[in-house]
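Here's the structure we're looking at; comments come further down.
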Amino acid sequence: MKKLYGVIGDPIAHSMSPAMHNDLFRFYQCDAEYFPFRVNRSSLKEAVLGLKAIGAGGFNVTIPHKTSVIELMDEMDPLALSIGAVNTVTIEDGRLIGHNTDGPGFVRGLEEKLGSIEDRKVLIVGAGGAAKGIFYSIAASGVSKIDIANRTLSKAEALLANCPFDVHSSILDLDTAERKAGDYSLIIQTTSIGMNPLTEEAPLSLHNLRKGSFISDIIYNPLKTRFLQQAEANGAGIQNGLDMFVWQGALAFEKWTGIFPDLERMRNTVMNQLGGTTC
């Protein structure tokens with residue numbers, strides 16, 4: 001009988017994960033299949049315990065359940081516990097174990113482009129759940145100079161105050177971040193600004209970028225946001241969110257199967273779904 005995997009969230013129809021993982025299961029001849037499950041907030045406990053009861057191999061978790069699913073876990077990976085969010089669950093000997101591959105996936109995708117980032121001075125734009133996962137994962141990798149820019153300063157202050165790693169950080173409002181953009185060799189955009197229907201918007205202007213800087217935006221649809229267009233026009237290297245998405249999926253697949261998958265194959269699968277080209 002096929003081993004069951006899937007992703008739970010609401011909404012879920014837009015998810016690229018089923019196409020990506022099912023292609024990998026076929027390619028590696030795994031007797032498994034991956035499904036999207038629309039699960040509303042009130043049904044989360046029943047859905048998670050149901051997946052456990054039927055012997056699923058594991059599952060991904062997406063919006064809006066990444067935080068609330070924690071209380072249903074039997075065990076938590078230390079980094080996922082620090083981040084306070086779960087996007088991947090393994091089921092081992094009937095125990096639900098929560099992991100976060102979003103933040104580590106972002107770091108691995110970034111290092112694939114840049115090599116070591118330890119000596120970079122980093123600015124993270126945004127202070128939501130995605131920013132927290134990326135901030136803590138970058139800090140865990142050894143980067144110590146990480147500033148945060150956000151519209152609501154108290155959210156950024158709370159994110160920094162709860163960080164379990166040794167970092168030297170400042171909290172900036174968006175106007176200050178715009179003026180000081182040239183101080184940073186790596187800027188990471190973690191908000192939803194730039195996604196449909198906000199495709200003509202950017203969280204801040206990048207006209208003050210330094211030469212040789214690198215700009216990453218976790219959005220991958222559209223593949224080149226207004227923020228990345230600005231960065232490219234000002235001579236910076238750019239990266240969209242496709243690398244993060246592929247790497248988080250690869251790390252999840254490895255946890256479930258013990259196989260580290262072909263990243264390029266995964267990128268091609270997602271690109272075929274999107275019908276575009278990477279930047």
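In the structure tokens, chains take the letters A, B, ... in the order shown, each chain's residues start at 1, and ligands count up from 1 in the order shown.
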Inset, instruction - Return as a count of residues only the full set of residues in stretch 49-195 of chain A whose backbone-based DSSP assignment is strand (DSSP E or B). - result: 34
Inset, instruction - Write out as a PyMOL selection string each polymer residue whose atoms come within 10 Å of A:Arg265, counting only C-alpha atoms; drop sequence neighbours fewer than 4 positions from it. - result: chain A and resi 20+23-24+27+246+261+269-271
Write the residues of the preceding selection, restricted to N, CA, C and O atoms, as an mmCIF file, in the first residue's frame.
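Printed below is part-v5.cif as written:
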data_model
loop_
_atom_site.group_PDB
_atom_site.id
_atom_site.type_symbol
_atom_site.label_atom_id
_atom_site.label_comp_id
_atom_site.auth_asym_id
_atom_site.auth_seq_id
_atom_site.Cartn_x
_atom_site.Cartn_y
_atom_site.Cartn_z
ATOM 1 N N MET A 20 5.602 18.869 -6.916
ATOM 2 C CA MET A 20 7.039 18.719 -6.671
ATOM 3 C C MET A 20 7.358 17.384 -6.003
ATOM 4 O O MET A 20 8.250 16.644 -6.430
ATOM 5 N N ASP A 23 6.442 14.141 -8.160
ATOM 6 C CA ASP A 23 7.456 13.893 -9.179
ATOM 7 C C ASP A 23 8.674 13.205 -8.568
ATOM 8 O O ASP A 23 9.233 12.274 -9.158
ATOM 9 N N LEU A 24 9.069 13.640 -7.367
ATOM 10 C CA LEU A 24 10.215 13.008 -6.699
ATOM 11 C C LEU A 24 9.917 11.568 -6.312
ATOM 12 O O LEU A 24 10.768 10.686 -6.463
ATOM 13 N N PHE A 27 10.255 9.578 -9.422
ATOM 14 C CA PHE A 27 11.642 9.541 -9.894
ATOM 15 C C PHE A 27 12.488 8.578 -9.066
ATOM 16 O O PHE A 27 13.322 7.843 -9.603
ATOM 17 N N VAL A 246 12.252 25.412 -2.879
ATOM 18 C CA VAL A 246 12.816 24.130 -3.299
ATOM 19 C C VAL A 246 13.642 23.506 -2.178
ATOM 20 O O VAL A 246 13.511 22.310 -1.887
ATOM 21 N N PRO A 261 17.080 14.927 -2.495
ATOM 22 C CA PRO A 261 16.636 14.881 -3.890
ATOM 23 C C PRO A 261 17.400 15.832 -4.813
ATOM 24 O O PRO A 261 18.157 16.701 -4.387
ATOM 25 N N THR A 269 10.273 21.356 -11.997
ATOM 26 C CA THR A 269 8.870 20.999 -11.756
ATOM 27 C C THR A 269 8.071 22.239 -11.378
ATOM 28 O O THR A 269 6.962 22.472 -11.912
ATOM 29 N N VAL A 270 8.613 23.036 -10.464
ATOM 30 C CA VAL A 270 7.903 24.241 -10.023
ATOM 31 C C VAL A 270 7.805 25.235 -11.175
ATOM 32 O O VAL A 270 6.754 25.852 -11.383
ATOM 33 N N MET A 271 8.891 25.403 -11.936
ATOM 34 C CA MET A 271 8.860 26.341 -13.057
ATOM 35 C C MET A 271 7.825 25.930 -14.100
ATOM 36 O O MET A 271 7.154 26.776 -14.681
#
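Taking only C-alpha atoms, the non-local environment of stretch 57-65 of chain A within 8 Å (same-chain residues fewer than 2 positions away omitted) comprises Lys3, Leu4, Tyr5, Gly6, Val7, Ile8, Gly9, Asp10, Pro11, Arg41, Leu44, Gly55, Thr67, Ser68, Val69, Val86, Asn87, Thr88, Val89, Thr90, Ile91, Ala252 and Trp256 of chain A.
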With C-alpha atoms retained, write the just-selected residues as a JSON list (two decimals), in the first residue's frame.
[["chain", "number", "residue", "atom", "x", "y", "z"],
["A", 3, "LYS", "CA", 2.67, 5.58, 1.94],
["A", 4, "LEU", "CA", 0.65, 8.76, 2.39],
["A", 5, "TYR", "CA", 2.17, 12.25, 2.62],
["A", 6, "GLY", "CA", 0.59, 15.66, 2.19],
["A", 7, "VAL", "CA", 0.29, 19.31, 3.08],
["A", 8, "ILE", "CA", -2.38, 20.81, 5.34],
["A", 9, "GLY", "CA", -3.48, 24.43, 5.13],
["A", 10, "ASP", "CA", -6.31, 26.77, 4.22],
["A", 11, "PRO", "CA", -6.32, 27.76, 1.38],
["A", 41, "ARG", "CA", -8.65, 26.01, 12.04],
["A", 44, "LEU", "CA", -6.75, 20.99, 12.78],
["A", 55, "GLY", "CA", -0.04, 5.68, 9.35],
["A", 67, "THR", "CA", 2.09, 27.91, 14.95],
["A", 68, "SER", "CA", -1.07, 26.25, 16.26],
["A", 69, "VAL", "CA", 0.08, 22.78, 15.17],
["A", 86, "VAL", "CA", 6.39, 23.99, 12.17],
["A", 87, "ASN", "CA", 6.25, 23.43, 8.42],
["A", 88, "THR", "CA", 7.31, 19.75, 8.30],
["A", 89, "VAL", "CA", 6.16, 16.84, 10.45],
["A", 90, "THR", "CA", 7.73, 13.41, 10.56],
["A", 91, "ILE", "CA", 5.88, 10.47, 12.11],
["A", 252, "ALA", "CA", 11.49, 17.75, 4.18],
["A", 256, "TRP", "CA", 10.77, 11.52, 5.24]]
Legend entry - A:Ala56, A:Val167, A:Ala127, A:Leu79 ranked by distance to A:Thr152, top pick (using only C-alpha atoms): A:Ala127
Inset, instruction - Could you give me, as JSON, numbers by chain, the residues within 8 Å of A:Arg95, counting only C-alpha atoms and dropping anything in the same chain fewer than 4 positions from it? - result: {"A": [73, 74, 75, 91]}
Legend entry - Contact residues around A:Gly126 with only C-alpha atoms at 8 Å, ignoring same-chain residues under 5 positions, as a ChimeraX atom specification: /A:131,148-151,156,189-191
Legend entry - All alpha helix (DSSP H) positions in stretch 74-252 of chain A, as an MDAnalysis selection string: chainID A and resid 78:83 102:114 129:140 153:161 174:179 226:233 242:252
Next, the residues of the selection above should be written as a compact mmCIF listing (two decimals), in the first residue's frame with C-alpha atoms.
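So the final result, stored in result_34.txt, reads:
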# COMPACT_ATOMS: atom_id res chain seq x y z
CA PRO A 78 15.09 22.66 18.81
CA LEU A 79 15.26 25.18 15.95
CA ALA A 80 11.55 24.80 15.18
CA LEU A 81 10.83 25.33 18.89
CA SER A 82 12.92 28.52 18.89
CA ILE A 83 11.24 29.81 15.73
CA ASP A 102 11.71 27.03 5.91
CA GLY A 103 14.49 28.94 7.69
CA PRO A 104 17.26 26.38 7.08
CA GLY A 105 16.02 26.01 3.49
CA PHE A 106 16.37 29.76 2.97
CA VAL A 107 19.92 29.72 4.35
CA ARG A 108 20.94 26.74 2.19
CA GLY A 109 19.49 28.39 -0.92
CA LEU A 110 21.33 31.61 -0.12
CA GLU A 111 24.63 29.82 0.49
CA GLU A 112 24.17 28.01 -2.82
CA LYS A 113 24.29 31.44 -4.48
CA LEU A 114 26.80 33.26 -2.26
CA GLY A 129 6.59 34.59 10.88
CA ALA A 130 8.76 34.25 7.77
CA ALA A 131 11.16 36.92 9.06
CA LYS A 132 11.46 35.15 12.39
CA GLY A 133 12.34 31.82 10.80
CA ILE A 134 14.92 33.42 8.54
CA PHE A 135 16.38 35.64 11.29
CA TYR A 136 16.86 32.75 13.71
CA SER A 137 18.21 30.40 11.03
CA ILE A 138 20.72 32.97 9.79
CA ALA A 139 21.76 33.67 13.38
CA ALA A 140 22.13 29.92 14.01
CA LEU A 153 8.80 48.56 15.61
CA SER A 154 7.36 46.64 18.56
CA LYS A 155 7.01 43.48 16.44
CA ALA A 156 10.66 43.70 15.41
CA GLU A 157 11.71 44.31 19.02
CA ALA A 158 9.81 41.21 20.17
CA LEU A 159 11.42 39.10 17.45
CA LEU A 160 14.87 40.23 18.51
CA ALA A 161 14.20 39.90 22.25
CA LEU A 174 11.33 51.71 6.97
CA ASP A 175 12.36 55.29 6.19
CA THR A 176 15.64 54.84 8.06
CA ALA A 177 16.24 51.50 6.38
CA GLU A 178 15.74 53.12 3.00
CA ARG A 179 18.34 55.81 3.79
CA ARG A 226 9.14 45.26 -7.99
CA PHE A 227 11.66 45.06 -5.12
CA LEU A 228 13.96 42.79 -7.16
CA GLN A 229 13.50 44.91 -10.26
CA GLN A 230 14.71 47.94 -8.30
CA ALA A 231 17.67 45.98 -6.95
CA GLU A 232 18.68 44.74 -10.40
CA ALA A 233 18.38 48.24 -11.87
CA LEU A 242 12.11 29.77 -5.53
CA ASP A 243 15.37 28.60 -3.96
CA MET A 244 13.88 28.76 -0.47
CA PHE A 245 10.79 26.85 -1.57
CA VAL A 246 12.82 24.13 -3.30
CA TRP A 247 15.31 23.77 -0.46
CA GLN A 248 12.66 23.56 2.26
CA GLY A 249 10.96 20.86 0.22
CA ALA A 250 14.24 19.00 -0.31
CA LEU A 251 15.00 19.02 3.42
CA ALA A 252 11.49 17.75 4.18
Non-local contacts of A:Asn240 (9 Å; only C-alpha atoms; under 4 positions in same chain excluded) as a PDB file with N, CA, C and O atoms, in the first residue's frame:
ATOM      1  N   ILE A 215      20.361  41.062  -3.008  1.00  0.00           N
ATOM      2  CA  ILE A 215      19.002  41.257  -2.524  1.00  0.00           C
ATOM      3  C   ILE A 215      18.204  39.982  -2.752  1.00  0.00           C
ATOM      4  O   ILE A 215      18.149  39.453  -3.865  1.00  0.00           O
ATOM      5  N   SER A 216      17.576  39.495  -1.681  1.00  0.00           N
ATOM      6  CA  SER A 216      16.755  38.289  -1.760  1.00  0.00           C
ATOM      7  C   SER A 216      15.324  38.626  -1.359  1.00  0.00           C
ATOM      8  O   SER A 216      15.096  39.331  -0.379  1.00  0.00           O
ATOM      9  N   ASP A 217      14.377  38.113  -2.128  1.00  0.00           N
ATOM     10  CA  ASP A 217      12.951  38.303  -1.848  1.00  0.00           C
ATOM     11  C   ASP A 217      12.327  36.918  -1.771  1.00  0.00           C
ATOM     12  O   ASP A 217      12.483  36.116  -2.690  1.00  0.00           O
ATOM     13  N   ILE A 218      11.632  36.606  -0.681  1.00  0.00           N
ATOM     14  CA  ILE A 218      11.111  35.246  -0.509  1.00  0.00           C
ATOM     15  C   ILE A 218       9.896  34.957  -1.389  1.00  0.00           C
ATOM     16  O   ILE A 218       9.448  33.820  -1.465  1.00  0.00           O
ATOM     17  N   ILE A 219       9.380  35.959  -2.087  1.00  0.00           N
ATOM     18  CA  ILE A 219       8.276  35.755  -3.033  1.00  0.00           C
ATOM     19  C   ILE A 219       8.817  35.110  -4.312  1.00  0.00           C
ATOM     20  O   ILE A 219       9.885  35.491  -4.799  1.00  0.00           O
ATOM     21  N   TYR A 220       8.083  34.131  -4.862  1.00  0.00           N
ATOM     22  CA  TYR A 220       8.479  33.553  -6.148  1.00  0.00           C
ATOM     23  C   TYR A 220       7.359  33.594  -7.184  1.00  0.00           C
ATOM     24  O   TYR A 220       7.529  33.084  -8.295  1.00  0.00           O
ATOM     25  N   ASN A 221       6.238  34.182  -6.834  1.00  0.00           N
ATOM     26  CA  ASN A 221       5.164  34.371  -7.801  1.00  0.00           C
ATOM     27  C   ASN A 221       4.528  35.730  -7.549  1.00  0.00           C
ATOM     28  O   ASN A 221       3.726  35.867  -6.624  1.00  0.00           O
ATOM     29  N   PRO A 222       4.965  36.771  -8.312  1.00  0.00           N
ATOM     30  CA  PRO A 222       5.780  36.734  -9.521  1.00  0.00           C
ATOM     31  C   PRO A 222       7.258  36.420  -9.235  1.00  0.00           C
ATOM     32  O   PRO A 222       7.738  36.633  -8.120  1.00  0.00           O
ATOM     33  N   LEU A 223       7.947  35.964 -10.270  1.00  0.00           N
ATOM     34  CA  LEU A 223       9.339  35.567 -10.116  1.00  0.00           C
ATOM     35  C   LEU A 223      10.269  36.755  -9.889  1.00  0.00           C
ATOM     36  O   LEU A 223      11.320  36.603  -9.270  1.00  0.00           O
ATOM     37  N   LYS A 224       9.890  37.910 -10.399  1.00  0.00           N
ATOM     38  CA  LYS A 224      10.716  39.102 -10.182  1.00  0.00           C
ATOM     39  C   LYS A 224       9.805  40.231  -9.695  1.00  0.00           C
ATOM     40  O   LYS A 224       9.134  40.902 -10.469  1.00  0.00           O
ATOM     41  N   THR A 225       9.791  40.436  -8.394  1.00  0.00           N
ATOM     42  CA  THR A 225       8.959  41.474  -7.796  1.00  0.00           C
ATOM     43  C   THR A 225       9.487  42.866  -8.131  1.00  0.00           C
ATOM     44  O   THR A 225      10.611  43.029  -8.623  1.00  0.00           O
ATOM     45  N   LEU A 228      12.818  43.354  -6.438  1.00  0.00           N
ATOM     46  CA  LEU A 228      13.962  42.792  -7.158  1.00  0.00           C
ATOM     47  C   LEU A 228      14.268  43.562  -8.433  1.00  0.00           C
ATOM     48  O   LEU A 228      15.441  43.696  -8.818  1.00  0.00           O
ATOM     49  N   MET A 244      14.360  29.098  -1.804  1.00  0.00           N
ATOM     50  CA  MET A 244      13.883  28.764  -0.467  1.00  0.00           C
ATOM     51  C   MET A 244      12.809  27.679  -0.533  1.00  0.00           C
ATOM     52  O   MET A 244      12.838  26.714   0.241  1.00  0.00           O
ATOM     53  N   THR A 278      13.455  31.498 -13.973  1.00  0.00           N
ATOM     54  CA  THR A 278      14.018  32.008 -12.719  1.00  0.00           C
ATOM     55  C   THR A 278      14.851  33.250 -12.975  1.00  0.00           C
ATOM     56  O   THR A 278      15.277  33.517 -14.085  1.00  0.00           O
ATOM     57  N   CYS A 279      15.090  34.002 -11.900  1.00  0.00           N
ATOM     58  CA  CYS A 279      15.966  35.168 -12.016  1.00  0.00           C
ATOM     59  C   CYS A 279      17.293  34.850 -11.385  1.00  0.00           C
ATOM     60  O   CYS A 279      17.438  33.829 -10.719  1.00  0.00           O
TER      61      CYS A 279
END
Inset, instruction - Could you check how far atom CA of A:Glu264 sits from atom CA of A:Pro18, in Å to one decimal? - result: 16.6 Å
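Atom CA of A:Ser213 is positioned 27.5 Å from atom CA of A:Met266.
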Legend entry - Test item: residues at most 9 Å from A:Asn234, only C-alpha atoms, excluding those fewer than 4 positions along its chain, as a PyMOL selection string: chain A and resi 206-211+229-230
Residues of the last selection are to be written out with all heavy atoms, as a CSV table (one decimal), in the first residue's frame.
chain,number,residue,atom,x,y,z
A,206,LEU,N,15.2,51.1,-3.1
A,206,LEU,CA,16.5,50.6,-3.0
A,206,LEU,C,17.5,51.5,-3.8
A,206,LEU,O,18.6,51.0,-4.2
A,206,LEU,CB,16.6,49.2,-3.5
A,206,LEU,CG,15.8,48.1,-2.7
A,206,LEU,CD1,15.8,46.8,-3.5
A,206,LEU,CD2,16.4,48.0,-1.3
A,207,HIS,N,17.2,52.8,-3.9
A,207,HIS,CA,18.1,53.7,-4.7
A,207,HIS,C,19.4,53.9,-4.0
A,207,HIS,O,20.4,54.4,-4.6
A,207,HIS,CB,17.4,55.0,-4.9
A,207,HIS,CG,17.0,55.8,-3.7
A,207,HIS,ND1,15.9,55.6,-3.0
A,207,HIS,CD2,17.7,56.8,-3.1
A,207,HIS,CE1,15.8,56.4,-2.0
A,207,HIS,NE2,16.9,57.1,-2.0
A,208,ASN,N,19.6,53.6,-2.7
A,208,ASN,CA,20.8,53.8,-2.0
A,208,ASN,C,21.7,52.6,-1.8
A,208,ASN,O,22.6,52.5,-1.0
A,208,ASN,CB,20.5,54.4,-0.6
A,208,ASN,CG,20.1,55.8,-0.6
A,208,ASN,OD1,20.5,56.6,-1.5
A,208,ASN,ND2,19.2,56.2,0.3
A,209,LEU,N,21.4,51.5,-2.7
A,209,LEU,CA,22.2,50.3,-2.5
A,209,LEU,C,23.7,50.5,-2.8
A,209,LEU,O,24.1,51.4,-3.5
A,209,LEU,CB,21.7,49.3,-3.6
A,209,LEU,CG,20.4,48.6,-3.3
A,209,LEU,CD1,20.1,47.6,-4.4
A,209,LEU,CD2,20.4,47.8,-1.9
A,210,ARG,N,24.5,49.7,-2.1
A,210,ARG,CA,25.9,49.7,-2.3
A,210,ARG,C,26.3,48.8,-3.5
A,210,ARG,O,25.6,47.8,-3.7
A,210,ARG,CB,26.7,49.2,-1.0
A,210,ARG,CG,26.5,47.8,-0.7
A,210,ARG,CD,26.9,47.5,0.7
A,210,ARG,NE,28.3,47.3,0.8
A,210,ARG,CZ,29.0,46.9,1.9
A,210,ARG,NH1,28.3,46.7,3.1
A,210,ARG,NH2,30.3,46.8,2.0
A,211,LYS,N,27.4,49.1,-4.1
A,211,LYS,CA,27.9,48.2,-5.2
A,211,LYS,C,28.2,46.8,-4.7
A,211,LYS,O,28.9,46.7,-3.7
A,211,LYS,CB,29.1,48.9,-5.9
A,211,LYS,CG,29.5,48.2,-7.1
A,211,LYS,CD,30.7,48.9,-7.8
A,211,LYS,CE,31.2,48.2,-9.1
A,211,LYS,NZ,32.3,48.9,-9.7
A,229,GLN,N,13.3,44.1,-9.1
A,229,GLN,CA,13.5,44.9,-10.3
A,229,GLN,C,14.3,46.2,-9.9
A,229,GLN,O,15.2,46.5,-10.6
A,229,GLN,CB,12.2,45.3,-10.9
A,229,GLN,CG,11.4,44.2,-11.5
A,229,GLN,CD,10.0,44.6,-12.0
A,229,GLN,OE1,9.8,45.7,-12.5
A,229,GLN,NE2,9.0,43.7,-11.9
A,230,GLN,N,13.9,46.8,-8.8
A,230,GLN,CA,14.7,47.9,-8.3
A,230,GLN,C,16.2,47.6,-8.0
A,230,GLN,O,17.1,48.3,-8.4
A,230,GLN,CB,14.1,48.5,-7.0
A,230,GLN,CG,12.8,49.3,-7.1
A,230,GLN,CD,12.4,49.8,-5.7
A,230,GLN,OE1,13.3,50.2,-5.0
A,230,GLN,NE2,11.2,49.8,-5.5
